[in-house]
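Trainee: Submitted below is the structure of interest, expressed as C-alpha cells.
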Amino acid sequence: MKVVIKNGRVIDPSQGIDGVCDLAIEDGKIKEVKSEKSRGKSQKHENNRGTKEIDASGKLVLPGLVDLHVHLREPGYEYKETIRTGTTAAVRGGITSVCCMPNTNPVNDNSSVTEFILKKAASEGACRVFPIGAITKGQKGEELAEMSIMYEAGCVAFSDDGRPVMDSLMMRRAMEYSRILKVPLISHCEDLALSAGGVMHEGLLSVTLGLKGIPPQAEEVMVARDIALAELTGGRLHIAHVSTEGSVALIRSAKKRGMADVTAETCPHYFSITEEAVGNYDANAKVNPPLRSRKDAEAIKQGLHDGTIDVIATDHAPHHRDEKLGEFDFAPSGISGLETSLGLSMRLVDEGVLTYSGLVEKMALKPSGIIGIDRGTLRPGAEADVVVVDCSREYRVDAGEFLSKGKNTPFGGWTLSAKPVLTISLGRIHEWE
Amino acid sequence: MSKVLLNKEDIGRIITRMAHEIIEKNKGVSSLCLIGIQRGGVHLAGRLAARLQEIGGQNIPVGALDIALYRDDIAVRKEQPVVRRTEVAFEINNEKVVLVDDVLFTGRSIRAAMDAVMDFGRPSAIQLAVLVDRGHRELPIKADFVGKNVPTSIEETVKVEFEEDGLEDRVVLEWV
Amino acid sequence: MGLKSKDLIGIKALDAADIEQILDTAAGFKDVLGRDIKKVPALRGKTTVNLFYEPSTRTRTSFELAAKRLSTDVINFSVSTSSVVKGESLRDTALTIQALGADFIIVRHSCSGVAHFLANNLDASVVNAGDGTNEHPTQALLDLFTIREKKGIIRGLEVAIVGDILHSRVAKSNIYALKKMGAGVRLIGPPTLVPDVLRDLDVEIYSDMEKGLKGADIVMMLRIQVERQGKGFFPTTVEYFRNWGLTPERLAGAKKSALVMHPGPMNRGVEISSDVADGMRSVILDQVTNGLAVRMAVLYLLAGVRE
C-alpha cells in the first residue's frame, strides 16, 4: 500500500524538519519526506498508480505520539477500560504508541501478564502497546519482580506507579539491578505518610473545602530521594507526572549537575488547570498527584520550556462514571486524558512555551528515546505512525464523545483548537471529520 | 387612582364608637383582653385599649399576634411571610379575647388568628373588631364591631396607614 | 424577603442579609418555644428526613424537634438501620428518600462535600447538618443568634475560637459567619491544628492562649477529639489542657463581660474546666435552646424558596 500525505506542514524534530512537505508511505514504513523544492523535480518520475493521496493543506503532519503513562486497566478492570477501547481512544488522540502501567489485576509483575497484554494488544489493539512491568511483586515494595524475564517478554520500563516504593533500600536495589537492562525506572514520587488521606492540593482551598490536603513536599521529598539514589546507583530514573514547582527545581539542578540519566514527565492537567478546578467537589478534578496552585502550573510550563521536563504524558486513568459520583473522598483519582492531550498541549505553542518541534519532541521523540524504541520520527524506514492535526477549527470537548470508556475529565465543555483528523497506526488509516 | 375613605378625625371617632360598643356588648371591661393582628391590628388594638381605659377606668391587657405560621397559603406563596413578634404576655384562659384587625377581607387571616389564639389557651369567647369591612368573604366569618363597611370591587385595594408607622392616619381605596 | 437557594449547604454561600434574615426569623420562633403549645402548623403536610451517616444525638434531636414543631412529619434514617451499611451509593439512597416524598433532607456525613452533592442531585431542600470538616452552618447560625441575643450586636466584637480549627466544621462556619457580620476573629490552638493559610481570611492566629484571649468579647471553645492525641497533633490531653484548656484564670484575661460558648459535647478537663463550663459566663445551654429556634427558622425560610 502506498500513501502520500500532501501539502501538510510536516514537523519532525528527529530530522529537523518544519515545513510544507509531502510525506510518502509505503508498506507501512515512511518512504520519504519531500520538501516543496525537491517536489517539482521528482514528481514526473513518480508512479502514482495505486497510491492513496491525502490532502493535508493547512494542517500539521506529525509523527504518531508516544505516551509513556497510560492505564489500560486490562486485565482486571475491564469495566473501566480495555486494551481495545484504550488504544482506540489513543489513536483518536493522535497517539500511536502507549506504555501501559502495571497496576492491573493481576499486577503486571511477571511475564505471563506481560505476554497476555501483548497478545491482546496484537489481536485487538488499535496501536502499539508497550507494557511497563512492576518493580516489586504485587507492587508491594517488598520483593523485586522478575525484571529481566519481563524485559525479554516485552516490558520497556518498570514502575510501581500508584504505589510508590517507600522503602529507600528497596528502591536503591531496584535501581542498581535495573542497570543490567538499561531501562528506566519510572517513579511515582509520593511520600505516602505525608500524603496520607489527602485528596487535593494542600492550601487555603483544601482547608475551606474541608478536604485533606497533599502538600507539594509529599512529592518533592521523594523526587529528592530518587535523584539521590540515582546518583548513588547510576540507574536510570524517569520521574512520572511532575506537578510542583519544587520538583521542577530539584530536577533542574540534577540535570545541571550532569545527571543525563534523570528524565521527567508532566501531564496536560498540571499545566492547563489548577486546584481551583475542584470547585464544588468535582471528582473529575481529583487526580494523584493533585492539581496544584497557579504558581506550580507556571513552573511546570517553565520546566517544559527550558527542557527540565522532557516529556508530556497523559497519565490516562479511566474510571467508571459511578465511581466518580458521590463522596469526593471516596472517588478514585484519575483523569481520562488520551483524547484531550494533544489539544491541551498545543495551547503551549499558542502561549509561546514550546515550538511545534518542541512539542513533538516532548510527545513523541523523547519518550521513544527514553524507552528505546524507534518511533516518534518520520525518518525513512521508520514505522508509519503519523497523525494529521487540524488547528484551524475550534471545537468543544464533550466527554460523551470519548472513545475511551473513561468519561472522567475536568475539561468537558472546554474549547480547544488542535484536533487530530487522521491517524495512521499499525498500517491502518483512521480518518475523522 | 385613589380615594380617601377615612381621615384622622374619622378614625378617632370610629375608635371611640367601637370602644363604647365593646363595653356595651360585654357589659364592662372586666375579663376582657385585646389582641391585635400584625401589623395594622396591633396599632389599632393599642388605641382601642387606651380609649377603653379612659372610658372604663380599668387597665386592659393588649397583645400582638403574628399569624404567619398559621396561614393556609404557605405552600402556594412565592415567598414565606415575614415572621414577626407574637406577644401575648397574659393568661387568656376563660377571658374574652377581642381580636383586632385593620381590614376584614376574605376572612382567612381571622381563621389563622383564631387557631393561633387557641394555641395560647381556651378563651371563654373570641370577638372580632375591624376598622374596615370590605366584603368578599371566603369563610363564614363576621365581625362583631365594624368601624366602616366599604363595598369594594375585588380588584381594588384598601390601604390603612397609621402614625405609628410614621405616616398620617388614613384609609385609602386604590384602584388601577 | 426569602433565601436565594432551596438548600442550606454552608455559610460560604450566604451573605450578611441572608444571615440577618435567618436570625430575625429565629427570634420569632424563640417566642413560640416559650409558649405552652410549642407547635405551629406552618409546614403541615411536609416531610423531613434526617439522613445521618454519622452518629449524632444532639444535632439530630434538635433538627427532629424543630421539624416537628413546624408540624412536618419526621423520619430518621441513620447509618445503622438502613441499607447504607449494605453499600448502597449515596446517590441511590438519596433518590430513594426523595421518592418517598421528602421535602427536607437534613444530612450529616463524615465526608466534606456530601451536602453539596445531594443538593445538586435532589429537588428536595437539603440542609447541611455537618459534612466532614467543611461546614456546619446551623451551628454557626445558632452561635451568632446567641451572641446577638446576649450582646445586642455582632459587628465589632472580638471572638476567639480555641481548639482544633483544622478539623472543625463548626469553626469554619463560624469564621465565615462572623467575618460576614463584621466581627473580628482570632483562632487559638497548636500550629498542628490551626493552619496558617487561614490568615488569608483576615483572621488572627495565636498559639499562645493568654495573648489570644486578651480583650476577647466571646470565647468559643471547640471539642477536642481525644483520638487525635496519638496522631501527633498534640502529645496528650494533659498537655493540651495545660496549654489551651479554658480555666477561670485564663478567662480572666478576656473582657470582664466575655461569654463562653461550646458547641458540645464538652470534654471537661480537656478543653474546658468545669468551673468555666458551669460558670456565670457560660451560655452553653442557651446555645442548645437557640439551636431549635434557628433550625425552625431555616426550615421555615427554605420552604418558601421556589426554584
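Here's how to read the names in the C-alpha cells: chain A, B, ... by the order shown, residue numbers from 1 in each chain, ligand numbers from 1 in the order shown.
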Residues at most 9 Å from Lys96 in chain B, counting only C-alpha atoms, excluding those fewer than 4 positions away in the same chain, as a short mmCIF file (atom, residue, chain, number, x, y, z; two decimals) with N, CA and C atoms, in the first residue's frame?

Mentor:
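Once written, out_11.cif looks like this:
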data_model
loop_
_atom_site.label_atom_id
_atom_site.label_comp_id
_atom_site.auth_asym_id
_atom_site.auth_seq_id
_atom_site.Cartn_x
_atom_site.Cartn_y
_atom_site.Cartn_z
N ASN B 26 -70.09 43.75 76.20
CA ASN B 26 -69.51 42.90 77.24
C ASN B 26 -69.88 43.35 78.65
N SER B 30 -64.22 44.05 82.45
CA SER B 30 -63.56 43.00 83.23
C SER B 30 -63.54 41.71 82.40
N SER B 31 -62.48 40.90 82.63
CA SER B 31 -62.24 39.66 81.87
C SER B 31 -62.10 39.92 80.37
N LEU B 32 -61.68 41.12 80.01
CA LEU B 32 -61.56 41.44 78.59
C LEU B 32 -60.07 41.66 78.24
N CYS B 33 -59.67 41.15 77.07
CA CYS B 33 -58.33 41.49 76.59
C CYS B 33 -58.37 41.69 75.09
N LEU B 34 -57.42 42.48 74.59
CA LEU B 34 -57.35 42.78 73.16
C LEU B 34 -56.09 42.14 72.56
N ILE B 92 -55.06 33.87 78.84
CA ILE B 92 -56.30 34.09 78.09
C ILE B 92 -57.37 33.05 78.44
N PRO B 123 -60.01 30.69 75.53
CA PRO B 123 -60.77 31.85 75.95
C PRO B 123 -62.25 31.51 76.08
N SER B 124 -62.96 32.28 76.92
CA SER B 124 -64.39 32.00 77.05
C SER B 124 -65.14 32.46 75.81
N ALA B 125 -64.59 33.46 75.10
CA ALA B 125 -65.19 33.89 73.85
C ALA B 125 -64.13 34.63 73.02
N ILE B 126 -64.30 34.58 71.69
CA ILE B 126 -63.46 35.39 70.82
C ILE B 126 -64.39 36.31 70.04
N GLN B 127 -64.08 37.59 70.08
CA GLN B 127 -64.85 38.55 69.29
C GLN B 127 -63.90 39.21 68.30
#

Trainee: Give as a PyMOL selection string every residue of chain C that touches chain B within 10 Å, counting only C-alpha atoms.

Mentor: chain C and resi 1-3+21+24-32+35-46+70+297+300-307

Trainee: Residues of chain A that approach chain C to 7 Å or less, counting only C-alpha atoms: could you list each one with the shortest pair of atoms and its distance in Å to one decimal, rows by chain and increasing residue number, as a Markdown table?

Mentor:
| residue | atom | partner | partner_atom | distance |
| --- | --- | --- | --- | --- |
| A:Gly203 | CA | C:Val197 | CA | 6.5 |
| A:Leu204 | CA | C:Val197 | CA | 5.3 |
| A:Val207 | CA | C:Leu166 | CA | 6.9 |
| A:Thr208 | CA | C:Asn134 | CA | 6.5 |
| A:Leu209 | CA | C:Asn134 | CA | 5.4 |
| A:Gly210 | CA | C:Asn134 | CA | 3.9 |
| A:Leu211 | CA | C:Ser112 | CA | 6.3 |
| A:Tyr281 | CA | C:Gly113 | CA | 5.9 |
| A:Gly326 | CA | C:Leu90 | CA | 5.9 |
| A:Glu327 | CA | C:Val114 | CA | 5.9 |
| A:Phe328 | CA | C:Gly113 | CA | 6.9 |
| A:Asp329 | CA | C:Cys111 | CA | 6.4 |

Trainee: Excluding Gly235 in chain A and residues on its chain fewer than 3 positions from it, collect all residues at most 6 Å away from it, counting only C-alpha atoms, and give them as a list in words.

Mentor: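 Everything that qualifies: Met175, Glu176, Arg179 and Ala230 of chain A.
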
Trainee: Looking only at the backbone, which of the residues in chain B does DSSP tag as helix (DSSP H, G or I), as number ranges by chain?

Mentor: B: 8-26, 40-56, 68-70, 108-118, 163-165

Trainee: If you count only C-alpha atoms, which residues fall within 10 Å of Pro137 in chain C, apart from same-chain ones fewer than 5 positions away, as a count of residues only?

Mentor: 21

Trainee: Quick one: pick out all strand (DSSP E or B) residues within range 23-129 of chain B from a backbone DSSP run and write them as JSON, numbers by chain.

Mentor: {"B": [32, 33, 34, 35, 36, 37, 62, 63, 64, 65, 87, 96, 97, 98, 99, 100, 101, 102, 103, 104, 125, 126, 127, 128, 129]}

Trainee: Keeping only C-alpha atoms, write the selected residues as a PDB file, in the first residue's frame.

Mentor:
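The resulting out16.pdb:
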ATOM      1  CA  LEU B  32     -61.556  41.445  78.587  1.00  0.00           C
ATOM      2  CA  CYS B  33     -58.333  41.492  76.592  1.00  0.00           C
ATOM      3  CA  LEU B  34     -57.353  42.776  73.163  1.00  0.00           C
ATOM      4  CA  ILE B  35     -55.084  41.011  70.698  1.00  0.00           C
ATOM      5  CA  GLY B  36     -54.041  42.859  67.574  1.00  0.00           C
ATOM      6  CA  ILE B  37     -53.065  41.031  64.416  1.00  0.00           C
ATOM      7  CA  VAL B  62     -53.110  44.126  74.994  1.00  0.00           C
ATOM      8  CA  GLY B  63     -51.222  41.553  72.945  1.00  0.00           C
ATOM      9  CA  ALA B  64     -49.781  41.239  69.464  1.00  0.00           C
ATOM     10  CA  LEU B  65     -50.307  38.210  67.312  1.00  0.00           C
ATOM     11  CA  GLU B  87     -46.534  38.948  72.402  1.00  0.00           C
ATOM     12  CA  LYS B  96     -62.922  37.274  76.458  1.00  0.00           C
ATOM     13  CA  VAL B  97     -60.496  37.924  73.634  1.00  0.00           C
ATOM     14  CA  VAL B  98     -61.225  40.697  71.192  1.00  0.00           C
ATOM     15  CA  LEU B  99     -59.207  40.130  68.031  1.00  0.00           C
ATOM     16  CA  VAL B 100     -58.409  43.426  66.344  1.00  0.00           C
ATOM     17  CA  ASP B 101     -57.508  43.848  62.676  1.00  0.00           C
ATOM     18  CA  ASP B 102     -57.461  46.801  60.300  1.00  0.00           C
ATOM     19  CA  VAL B 103     -59.254  45.315  57.287  1.00  0.00           C
ATOM     20  CA  LEU B 104     -61.614  42.354  57.105  1.00  0.00           C
ATOM     21  CA  ALA B 125     -65.188  33.893  73.846  1.00  0.00           C
ATOM     22  CA  ILE B 126     -63.457  35.394  70.820  1.00  0.00           C
ATOM     23  CA  GLN B 127     -64.850  38.546  69.294  1.00  0.00           C
ATOM     24  CA  LEU B 128     -63.668  40.459  66.265  1.00  0.00           C
ATOM     25  CA  ALA B 129     -63.198  44.186  65.815  1.00  0.00           C
TER      26      ALA B 129
END
